[in-house]
Each structure stands twice: as structure tokens, then as C-alpha cells.
Amino acid sequence: MMLPTVASTLLFTSSALGATLATRAVWQPAVGTSWQIILSGSLKLTSSSTSVTPNVDVFDIDLFTNTKNGVDTTVIDALHRLNKKVICYFSAGSYEPGRPDSSQFAAADKGNELDGWPGEYWLNLNSQNVRNIMAARIALAAKMGCDAVDPDNVDGYGENGGKNGAFTIKQADSISFVKFLATEAQKNNIAIGLKNAAEIIDDVLSVVQFSVNEECVAVKECSTFLAFTDASKPVFHIEYPNGDDGSSRTPVSDTTGWCQKEKEDDNKTYDITKFSTVIKNMDLDGWVQLCDKSTAVSPTN
């Protein structure tokens with residue numbers, strides 16, 4: 001469904017929208033909920049789509065590319081009609097060029113460039129301007145019908161000691177920022193996840209509904225994320241066995257080490273069978289391998 005054009009500020013007020021949000025309960029996904037994540041391109045779904053591949057419970061998709069920058073709910077409506085929940089991704093802790101609100105960031109909001117991501121810069125999490133932009137993104141996600149948001153790059157404290165030119169990102173800054181984002185999500189009656197950021201789990205676990213983790217097996221830290229499943233909150237877990245080969249669609253022959261047992265540096269083996277694990281390539285395109293060794297390709301534009 002096409003909506004009226006979103007103002008360049010991505011800010012809006014609507015008593016009707018407020019009334020709708022007020023009656024929508026915040027979604028709490030269950031441990032073990034199946035999922036797919038696609039951040040390259042948009043899902044190819046229409047108002048007449050009768051199925052989507054793979055047949056999982058949740059799709060984590062880019063907020064902007066799947067709504068034509070906030071004016072079209074066709075993809076999200078189609079997923080809902082197919083009884084899927086929708087997590088909408090955006091980067092909360094970094095500046096990305098080419099987003100509809102990119103021009104709103106001030107020069108002082110930006111720190112160092114993210115390693116491996118030309119044109120993307122860490123953001124000052126204490127900037128009121130940054131927080132206003134992210135609050136508008138969460139409100140937009142709610143307006144588009146997203147059930148939850150997946151705000152990325154909230155762990156800048158781990159990059160170069162958090163030093164970013166004129167400002168430094170500390171763990172305390174990330175904790176404050178995640179709590180701010182969670183409050184905004186709650187205002188809009190949508191769920192929110194913690195992306196990676198293992199060091200601050202204990203500080204924010206109570207205000208988020210799930211974890212989105214990348215490579216806890218590869219970096220041997222899955223035990224830290226067990227705090228989520230212990231609290232009856234899912235860990236949506238991604239591994240990239242083919243490493244830097246971003247477009248690889250080569251499945252692994254044995255998923256045990258990625259989906260069931262993980263051995264860490266303390267020589268202990270941890271049971272991660274309750275995690276919602278998917279095997280992906282670095283491009284995060286439509287290809288996915290599930291823990292039962294099956295593979296699928298979601299249709300994308």
C-alpha cells in the first residue's frame with residue numbers, strides 16, 4: 001500500500017496513528033522462533049503473494065529499502081498476511097550515505113569511518129540530533145507496520161577504544177543510548193532487539209525483547225548470550241562460515257558446530273540449541289542455510 005510522501009525530516013504527528021499504536025501490544029518473540037535476515041535489496045513480494053521462502057516465523061529486513069524510503073507498506077503487509085512477523089533493520093550507531101534522512105546529520109555527529117564500510121561513520125550517541133533522528137526512524141518503523149526494530153552498530157565502544165575524533169564512545173554511552181531507543185520503541189508499541197554488544201547485555205536485558213547476534217560461535221562468546229534464552233528471550237543468531245566471500249552460497253556439510261555446541265577459550269562447551277541460528281553470507285542476501293541443513297533463497301529485488 002502506498003502512503004503519502006514522508007516529509008524529509010521523517011517526523012510526523014497523527015492522533016489516529018497514536019490511537020492505533022496505543023492498542024497494539026508489544027511483541028515478545030519466543031525462544032527458538034525461526035527467522036530469515038535479508039539486508040541486501042528488498043523482498044520481492046506483492047499484494048497478491050501467497051507464499052514466501054523460506055517458511056519461517058520472522059523476517060528481519062531493511063526499513064528503508066523495503067518501504068521505498070517510508071512510503072510503501074506492500075512488503076510488510078504481504079508478510080503480515082502470510083502470518084510472518086517483521087523486524088525492521090536500521091543503523092542506529094552509524095551514519096550511512098544515501099538514506100532519506102542522511103542530510104540531517106551534522107558534521108559534529110560523525111566520528112571515524114567504520115572499518116571496511118567506506119562512507120559510513122560512527123555517530124556520537126550522546127548527540128541530541130542523532131537521538132532525534134533515531135526516534136523518528138523508530139516512529140517510521142511503527143508507521144510502516146514493523147513489529148520490531150533491529151538497531152545496528154550500538155557497540156562503537158569496541159572500535160579503536162571508542163575514540164572517534166572529537167568524541168569517545170564508552171560502554172556507558174551505549175547503555176544510555178540503547179535504553180533511549182528502547183523507550184522510543186515502547187512509546188510506539190513495538191519490540192526492540194540488542195545487536196551484538198555482548199559487554200552491555202546485563203545492563204539492557206530488561207528493556208529489550210531479543211538479541212540479534214553475529215558470529216558468537218566464530219568469536220567464542222555465545223555463553224554470554226545465554227542470558228537472553230535464560231530470560232525467555234530469543235537469540236536471533238547469524239554465522240558466516242564462508243568468511244569474507246560475501247556472495248558465497250556454499251552450504252556447510254555439518255551444522256553441529258554452528259547450531260548446537262560451541263566450545264570457548266575456557267574449554268567449556270555450551271549448548272546453543274535454543275538459539276535461532278541461520279547460516280548466511282556476508283552480503284546478507286536472500287540465501288540462507290538452516291540448522292536442519294536445508295537451504296533456501298528468498299526472492300529479492
# chains A, B, ... in the order shown; residues from 1 in each chain; ligands from 1

call {"tool": "residues_around", "arguments": {"residues": "Phe275 in chain A", "least_positions_apart": "3", "cutoff": "8 Å", "atoms": "only C-alpha atoms", "output": "list in words"}}
result
Val31, Gly32, Thr229, Pro234, Val235, Phe236, His237, Cys259 and Ile272 of chain A

call {"tool": "select_by_dssp", "arguments": {"residues": "range 128-199 of chain A", "states": "strand (DSSP E)", "output": "VMD selection string"}}
result
chain A and resid 148 to 152 163 to 164 167 to 168 191 to 195

call {"tool": "write_last_selection", "arguments": {"atoms": "N, CA and C atoms", "output": "PDB file, in the first residue's frame"}}
result
ATOM      1  N   ALA A 148       8.951  -4.933  15.107  1.00  0.00           N
ATOM      2  CA  ALA A 148      10.122  -4.691  15.945  1.00  0.00           C
ATOM      3  C   ALA A 148      11.173  -3.962  15.128  1.00  0.00           C
ATOM      4  N   VAL A 149      12.186  -3.463  15.815  1.00  0.00           N
ATOM      5  CA  VAL A 149      13.320  -2.843  15.138  1.00  0.00           C
ATOM      6  C   VAL A 149      14.615  -3.521  15.568  1.00  0.00           C
ATOM      7  N   ASP A 150      15.567  -3.513  14.644  1.00  0.00           N
ATOM      8  CA  ASP A 150      16.894  -4.097  14.825  1.00  0.00           C
ATOM      9  C   ASP A 150      17.912  -2.972  14.614  1.00  0.00           C
ATOM     10  N   PRO A 151      18.200  -2.191  15.661  1.00  0.00           N
ATOM     11  CA  PRO A 151      19.128  -1.058  15.511  1.00  0.00           C
ATOM     12  C   PRO A 151      20.582  -1.511  15.613  1.00  0.00           C
ATOM     13  N   ASP A 152      21.323  -1.312  14.547  1.00  0.00           N
ATOM     14  CA  ASP A 152      22.683  -1.830  14.437  1.00  0.00           C
ATOM     15  C   ASP A 152      23.715  -0.820  14.950  1.00  0.00           C
ATOM     16  N   LYS A 163      37.415   5.693  20.540  1.00  0.00           N
ATOM     17  CA  LYS A 163      37.897   7.035  20.195  1.00  0.00           C
ATOM     18  C   LYS A 163      37.473   7.406  18.781  1.00  0.00           C
ATOM     19  N   ASN A 164      36.754   8.521  18.664  1.00  0.00           N
ATOM     20  CA  ASN A 164      36.214   8.953  17.380  1.00  0.00           C
ATOM     21  C   ASN A 164      36.431  10.438  17.180  1.00  0.00           C
ATOM     22  N   PHE A 167      35.059  12.952  19.898  1.00  0.00           N
ATOM     23  CA  PHE A 167      34.301  12.297  20.968  1.00  0.00           C
ATOM     24  C   PHE A 167      34.748  10.849  21.131  1.00  0.00           C
ATOM     25  N   THR A 168      34.443  10.297  22.291  1.00  0.00           N
ATOM     26  CA  THR A 168      34.752   8.907  22.599  1.00  0.00           C
ATOM     27  C   THR A 168      33.458   8.196  22.979  1.00  0.00           C
ATOM     28  N   ALA A 191       8.569  -3.856  19.455  1.00  0.00           N
ATOM     29  CA  ALA A 191       9.679  -4.506  20.156  1.00  0.00           C
ATOM     30  C   ALA A 191      11.011  -3.983  19.635  1.00  0.00           C
ATOM     31  N   ILE A 192      12.052  -4.255  20.392  1.00  0.00           N
ATOM     32  CA  ILE A 192      13.403  -3.825  20.003  1.00  0.00           C
ATOM     33  C   ILE A 192      14.407  -4.875  20.438  1.00  0.00           C
ATOM     34  N   GLY A 193      15.440  -5.064  19.624  1.00  0.00           N
ATOM     35  CA  GLY A 193      16.484  -6.013  19.960  1.00  0.00           C
ATOM     36  C   GLY A 193      17.806  -5.327  20.257  1.00  0.00           C
ATOM     37  N   LEU A 194      18.696  -6.058  20.876  1.00  0.00           N
ATOM     38  CA  LEU A 194      20.071  -5.614  21.087  1.00  0.00           C
ATOM     39  C   LEU A 194      20.936  -6.287  20.035  1.00  0.00           C
ATOM     40  N   LYS A 195      21.641  -5.497  19.236  1.00  0.00           N
ATOM     41  CA  LYS A 195      22.506  -6.054  18.189  1.00  0.00           C
ATOM     42  C   LYS A 195      23.917  -6.228  18.740  1.00  0.00           C
TER      43      LYS A 195
END

call {"tool": "select_by_dssp", "arguments": {"residues": "range 64-122 of chain A", "states": "helix (DSSP H, G or I)", "output": "list in words"}}
result
Thr74, Val75, Ile76, Asp77, Ala78, Leu79, His80, Arg81, Ser102, Ser103, Gln104, Ala107, Ala108 and Asp109 of chain A

call {"tool": "closest_atom_pairs", "arguments": {"of": "range 27-76 of chain A", "to": "range 285-295 of chain A", "cutoff": "7 Å", "atoms": "only C-alpha atoms", "output": "JSON lines"}}
result
{"residue": "A:Ile38", "atom": "CA", "partner": "A:Asp285", "partner_atom": "CA", "distance": 5.2}
{"residue": "A:Leu39", "atom": "CA", "partner": "A:Asp285", "partner_atom": "CA", "distance": 6.2}
{"residue": "A:Ser40", "atom": "CA", "partner": "A:Asp285", "partner_atom": "CA", "distance": 4.9}

call {"tool": "closest_residue", "arguments": {"among": "A:Ala139, A:Ala106, A:Pro54, A:Asp147", "to": "Thr183 in chain A", "atoms": "only C-alpha atoms"}}
result
A:Ala139

call {"tool": "residues_around", "arguments": {"residues": "Lys179 in chain A", "least_positions_apart": "2", "cutoff": "10 Å", "atoms": "only C-alpha atoms", "output": "PyMOL selection string"}}
result
chain A and resi 173-177+181-185+203-208
